[in-house]
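Q: Supplied in structure tokens, the structure appears directly below.
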Amino acid sequence: MAVPIPFSEPSWLMGLPSALYTDSHRRFQKAIRPFIQKHLLDHAVEWDKSETVPEHVYQDFAKANMLLPVLPAPLPIDWLKRLGIHELLGGIKVEDFDYMHVLIFNDEMARAGITGPPSSLMTGFAFGVPPIIKFGSKQLQEKLLPELLTGKKRSCIAITEPDAGSDVANITTTAVKSECGKYYIVNGTKKWITNGIWADYGTMAVRTGPPGSGAAGLSMLVVPLKNHPGVNMRRLKVVGSASAGTTFIELDDVKVPVENLIGTEGMGMRYIMTNFNHERLSIAVGVTRQARVALSAAFEYVMKREAFGGPLMNQPVVRHRLAKAGGALESQWAWVEQFAYQMTRMTKDDADRELGGMTGLLKAQAGIVLRECVDTAVLLFGGNGLTQSGQGELVEMIYRDVPLSRIPGGSEDVLFDLAVRQLVRLYQEKTKALQDKAKI
């Protein structure tokens, strides 16, 4: 066993003590790492270069119940037990799964350093299934969850449109009831939809209210996609994440049964918002691991690269860059751990209220830290860090992924503003409550 390169692992995996991880968490990590290494990471660079992860990989993960850990904690225990699923790898009972397990799973899946291959498996399942579990009618759940939870069918989350990304309240895709009242007729476009090209269903934000109705006019609808009349999908090429299946979806008079409505008309914005804590924490974990992969690769490289009469590590400016990026990395990881731990100790409603804005800030800060670490790595690799082959090819691939950490899931500046606005609102609400209590 080799000594780990500095910055290559979180401190708890370097043998240092931590009060956050239980025996259950440690058993889970030890069990899933070899599975992920064999079934994903060993081939990740090759698959991303070919822009497709083979279809059997999704089934390999599904058969091992290795898609389930991307869901929010707690897991849908009753549903899983109905489907005969009682444990995850490591002998972890489904009822014992918490947000520290979520953190560990997302961290392990991101160890390749590039977002495409893990995103090709995780994104649609992680963010498309939860609204059905949380808010779907019993009829809708019976119809969809058995095949979605076991990987027999695939889903995606379809919110973003060409003219409405972070500005969710102003999406324009419409869902109008048919004259017979049995269907919604859906028209519009969705863009940058991860996993869409493979999805049987899209958990979709649609406008059921009149034009200009804003957030109050939004609903969520499960729209059949693959081979469904009126649906046209094509892959989009974006910078980085080549194998994630980023998709443009056109919807032309698509008939969707009214039973596919998630929850209640007009509540779509609320349902979308409840997904955000999980989505942004998941992104922050993966992006922080990407930063770790890039920085540790640079650290290893400069210890062996000879220049100016000795190893590059002998140069004070090199050590300064590593220290600056490393401090940002480890501070970010401590913050990510803190969030995950807090979510294991808070109810969903409390976490949404207290952590919603700050989770956005956590995700935005992860992108900033990744940029710092990857910039450092590219500079220290020099020309090798700009080359799509050889010693620096992984760093070059991560460099192309940086914008994907700063825009999807809420763009950086929008999340900065959201975080502060929510902090102000929360402060004002608590102040008013305290003042009202003092008057009694």
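Chain lettering (A, B, ...) mirrors the order of the structure tokens, residue numbering begins at 1 for each chain separately, and ligand numbering begins at 1 in order of display.
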Would you mind listing, for every residue of segment 308-380 of chain A within 9 Å of segment 2-24 of chain A, the two atoms forming the shortest contact and the distance between them in Å to one decimal, using only C-alpha atoms, sorted by chain and ascending residue number, as a Markdown table?

A:
| residue | atom | partner | partner_atom | distance |
| --- | --- | --- | --- | --- |
| A:Gly326 | CA | A:Phe7 | CA | 6.9 |
| A:Leu329 | CA | A:Phe7 | CA | 8.3 |
| A:Glu330 | CA | A:Pro10 | CA | 7.9 |
| A:Trp333 | CA | A:Pro10 | CA | 7.6 |
| A:Glu337 | CA | A:Leu20 | CA | 8.0 |
| A:Gln338 | CA | A:Leu20 | CA | 8.7 |
| A:Tyr341 | CA | A:Leu20 | CA | 6.9 |

Q: Using backbone DSSP assignments, extract all helix (DSSP H, G or I) residues from segment 1-118 of chain A; output them as a PyMOL selection string.

A: chain A and resi 11-13+23-39+41-50+55-63+68-70+77-82+94-96+99-109+116-118

Q: Residues as selected, C-alpha atoms, written as an mmCIF file, in the first residue's frame, can you do that?

A:
data_model
loop_
_atom_site.group_PDB
_atom_site.id
_atom_site.type_symbol
_atom_site.label_atom_id
_atom_site.label_comp_id
_atom_site.auth_asym_id
_atom_site.auth_seq_id
_atom_site.Cartn_x
_atom_site.Cartn_y
_atom_site.Cartn_z
ATOM 1 C CA SER A 11 -8.478 13.747 6.335
ATOM 2 C CA TRP A 12 -10.807 11.039 7.671
ATOM 3 C CA LEU A 13 -9.570 8.728 4.908
ATOM 4 C CA ASP A 23 -18.857 2.601 11.801
ATOM 5 C CA SER A 24 -21.750 2.485 9.321
ATOM 6 C CA HIS A 25 -20.220 5.291 7.260
ATOM 7 C CA ARG A 26 -16.793 3.660 7.250
ATOM 8 C CA ARG A 27 -18.175 0.253 6.226
ATOM 9 C CA PHE A 28 -20.145 1.898 3.418
ATOM 10 C CA GLN A 29 -17.090 3.708 2.066
ATOM 11 C CA LYS A 30 -14.939 0.572 2.133
ATOM 12 C CA ALA A 31 -17.625 -1.424 0.333
ATOM 13 C CA ILE A 32 -18.481 1.012 -2.442
ATOM 14 C CA ARG A 33 -14.960 2.138 -3.402
ATOM 15 C CA PRO A 34 -13.885 -1.091 -5.133
ATOM 16 C CA PHE A 35 -17.257 -1.414 -6.872
ATOM 17 C CA ILE A 36 -17.100 2.136 -8.236
ATOM 18 C CA GLN A 37 -13.455 1.708 -9.200
ATOM 19 C CA LYS A 38 -14.171 -1.471 -11.187
ATOM 20 C CA HIS A 39 -17.456 -0.482 -12.808
ATOM 21 C CA LEU A 41 -13.540 4.873 -12.627
ATOM 22 C CA ASP A 42 -11.210 2.432 -14.401
ATOM 23 C CA HIS A 43 -12.881 3.387 -17.696
ATOM 24 C CA ALA A 44 -14.042 6.953 -17.009
ATOM 25 C CA VAL A 45 -11.495 8.830 -19.126
ATOM 26 C CA GLU A 46 -11.936 6.418 -22.050
ATOM 27 C CA TRP A 47 -15.743 6.688 -21.890
ATOM 28 C CA ASP A 48 -15.725 10.466 -21.610
ATOM 29 C CA LYS A 49 -13.475 10.710 -24.643
ATOM 30 C CA SER A 50 -15.888 8.497 -26.584
ATOM 31 C CA GLU A 55 -25.686 1.223 -21.446
ATOM 32 C CA HIS A 56 -24.870 -1.847 -19.353
ATOM 33 C CA VAL A 57 -23.120 0.300 -16.715
ATOM 34 C CA TYR A 58 -26.421 1.821 -15.578
ATOM 35 C CA GLN A 59 -27.826 -1.700 -15.178
ATOM 36 C CA ASP A 60 -24.704 -2.870 -13.350
ATOM 37 C CA PHE A 61 -25.209 -0.094 -10.806
ATOM 38 C CA ALA A 62 -28.959 -0.698 -10.585
ATOM 39 C CA LYS A 63 -28.565 -4.436 -9.919
ATOM 40 C CA LEU A 68 -30.155 4.472 -4.610
ATOM 41 C CA PRO A 69 -27.447 6.328 -2.628
ATOM 42 C CA VAL A 70 -27.862 9.386 -4.877
ATOM 43 C CA ILE A 77 -37.876 2.795 3.020
ATOM 44 C CA ASP A 78 -41.389 1.421 2.525
ATOM 45 C CA TRP A 79 -41.030 1.404 -1.233
ATOM 46 C CA LEU A 80 -37.592 -0.221 -1.163
ATOM 47 C CA LYS A 81 -38.738 -2.996 1.157
ATOM 48 C CA ARG A 82 -41.766 -3.637 -1.070
ATOM 49 C CA VAL A 94 -31.844 1.178 4.085
ATOM 50 C CA GLU A 95 -33.417 2.692 7.225
ATOM 51 C CA ASP A 96 -29.943 3.634 8.560
ATOM 52 C CA TYR A 99 -26.759 12.384 4.611
ATOM 53 C CA MET A 100 -23.224 11.377 5.574
ATOM 54 C CA HIS A 101 -23.749 8.276 3.417
ATOM 55 C CA VAL A 102 -24.937 10.615 0.638
ATOM 56 C CA LEU A 103 -21.755 12.655 1.011
ATOM 57 C CA ILE A 104 -19.540 9.565 0.926
ATOM 58 C CA PHE A 105 -21.256 8.176 -2.167
ATOM 59 C CA ASN A 106 -21.010 11.426 -4.131
ATOM 60 C CA ASP A 107 -17.373 11.859 -3.113
ATOM 61 C CA GLU A 108 -16.459 8.332 -4.211
ATOM 62 C CA MET A 109 -18.290 8.681 -7.540
ATOM 63 C CA GLY A 116 -19.324 13.195 -17.410
ATOM 64 C CA PRO A 117 -19.267 9.489 -16.488
ATOM 65 C CA PRO A 118 -20.751 9.774 -12.968
#

Q: Which value, in Å to one decimal, gives the distance between atom CA of Leu149 of chain A and atom CA of Leu67 of chain A?

A: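 Pair atom CA of Leu149 of chain A / atom CA of Leu67 of chain A returns 8.1 Å.
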
Q: I need the residue nearest Tyr184 of chain A from this list: A:Ile262, A:Ile368, A:Ala433, A:Val254. Use only C-alpha atoms for the distance.

A: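 Of A:Ile262, A:Ile368, A:Ala433, A:Val254, the one nearest Tyr184 of chain A, counting only C-alpha atoms, is A:Val254.
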
Q: State, in Å with one decimal place, the distance from atom CA of Met66 of chain A to atom CA of Gly151 of chain A.

A: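 Atom-to-atom, atom CA of Met66 of chain A and atom CA of Gly151 of chain A are spaced 9.9 Å apart.
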
Q: Using only C-alpha atoms, can you tell me which of A:Ile132, A:Ala215, A:Val317, A:Leu40 comes closest to Gly113 of chain A?

A: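 Checking each candidate against Gly113 of chain A, we get A:Leu40 as the closest.
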
Q: Could you pull out the strand (DSSP E) residues of segment 87-117 of chain A from DSSP and send them as a PyMOL selection string?

A: chain A and resi 87-88+92-93

Q: For those residues, write C-alpha atoms to a file as an mmCIF file, in the first residue's frame.

A:
data_model
loop_
_atom_site.group_PDB
_atom_site.id
_atom_site.type_symbol
_atom_site.label_atom_id
_atom_site.label_comp_id
_atom_site.auth_asym_id
_atom_site.auth_seq_id
_atom_site.Cartn_x
_atom_site.Cartn_y
_atom_site.Cartn_z
ATOM 1 C CA GLU A 87 -29.614 -3.308 2.410
ATOM 2 C CA LEU A 88 -26.998 -1.370 0.464
ATOM 3 C CA ILE A 92 -26.074 -0.813 5.436
ATOM 4 C CA LYS A 93 -29.770 -1.161 6.225
#

Q: Name the closest residue to Asn227 of chain A among the candidates A:Gln141, A:Asp253, A:Ile171, A:Trp198; distances are taken between atoms, counting only C-alpha atoms.

A: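 Closest residue, counting only C-alpha atoms: A:Trp198.
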
Q: May I ask which of the residues A:Tyr399, A:Tyr183, A:Phe97, A:Trp192 is the closest one to Ala164 of chain A, counting only C-alpha atoms?

A: A:Trp192

Q: Rounded to one decimal in Å, what is the spacing between atom CA of Ser155 of chain A and atom CA of Gly124 of chain A?

A: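 We find that atom CA of Ser155 of chain A and atom CA of Gly124 of chain A lie 5.2 Å from each other.
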
Q: Would you kindly return, as a ChimeraX atom specification, each protein, DNA or RNA residue with an atom no farther than 12 Å from any atom of Leu426 of chain A, considering only C-alpha atoms and excluding same-chain residues fewer than 2 positions away?

A: /A:350,352-358,419-424,428-433

Q: Give the answer as one residue: which of A:Leu404, A:Ile272, A:Val256, A:Ala291 has the shortest atom-to-atom distance to Thr376 of chain A, using only C-alpha atoms?

A: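 With only C-alpha atoms as the atom set, the closest residue is A:Ala291.
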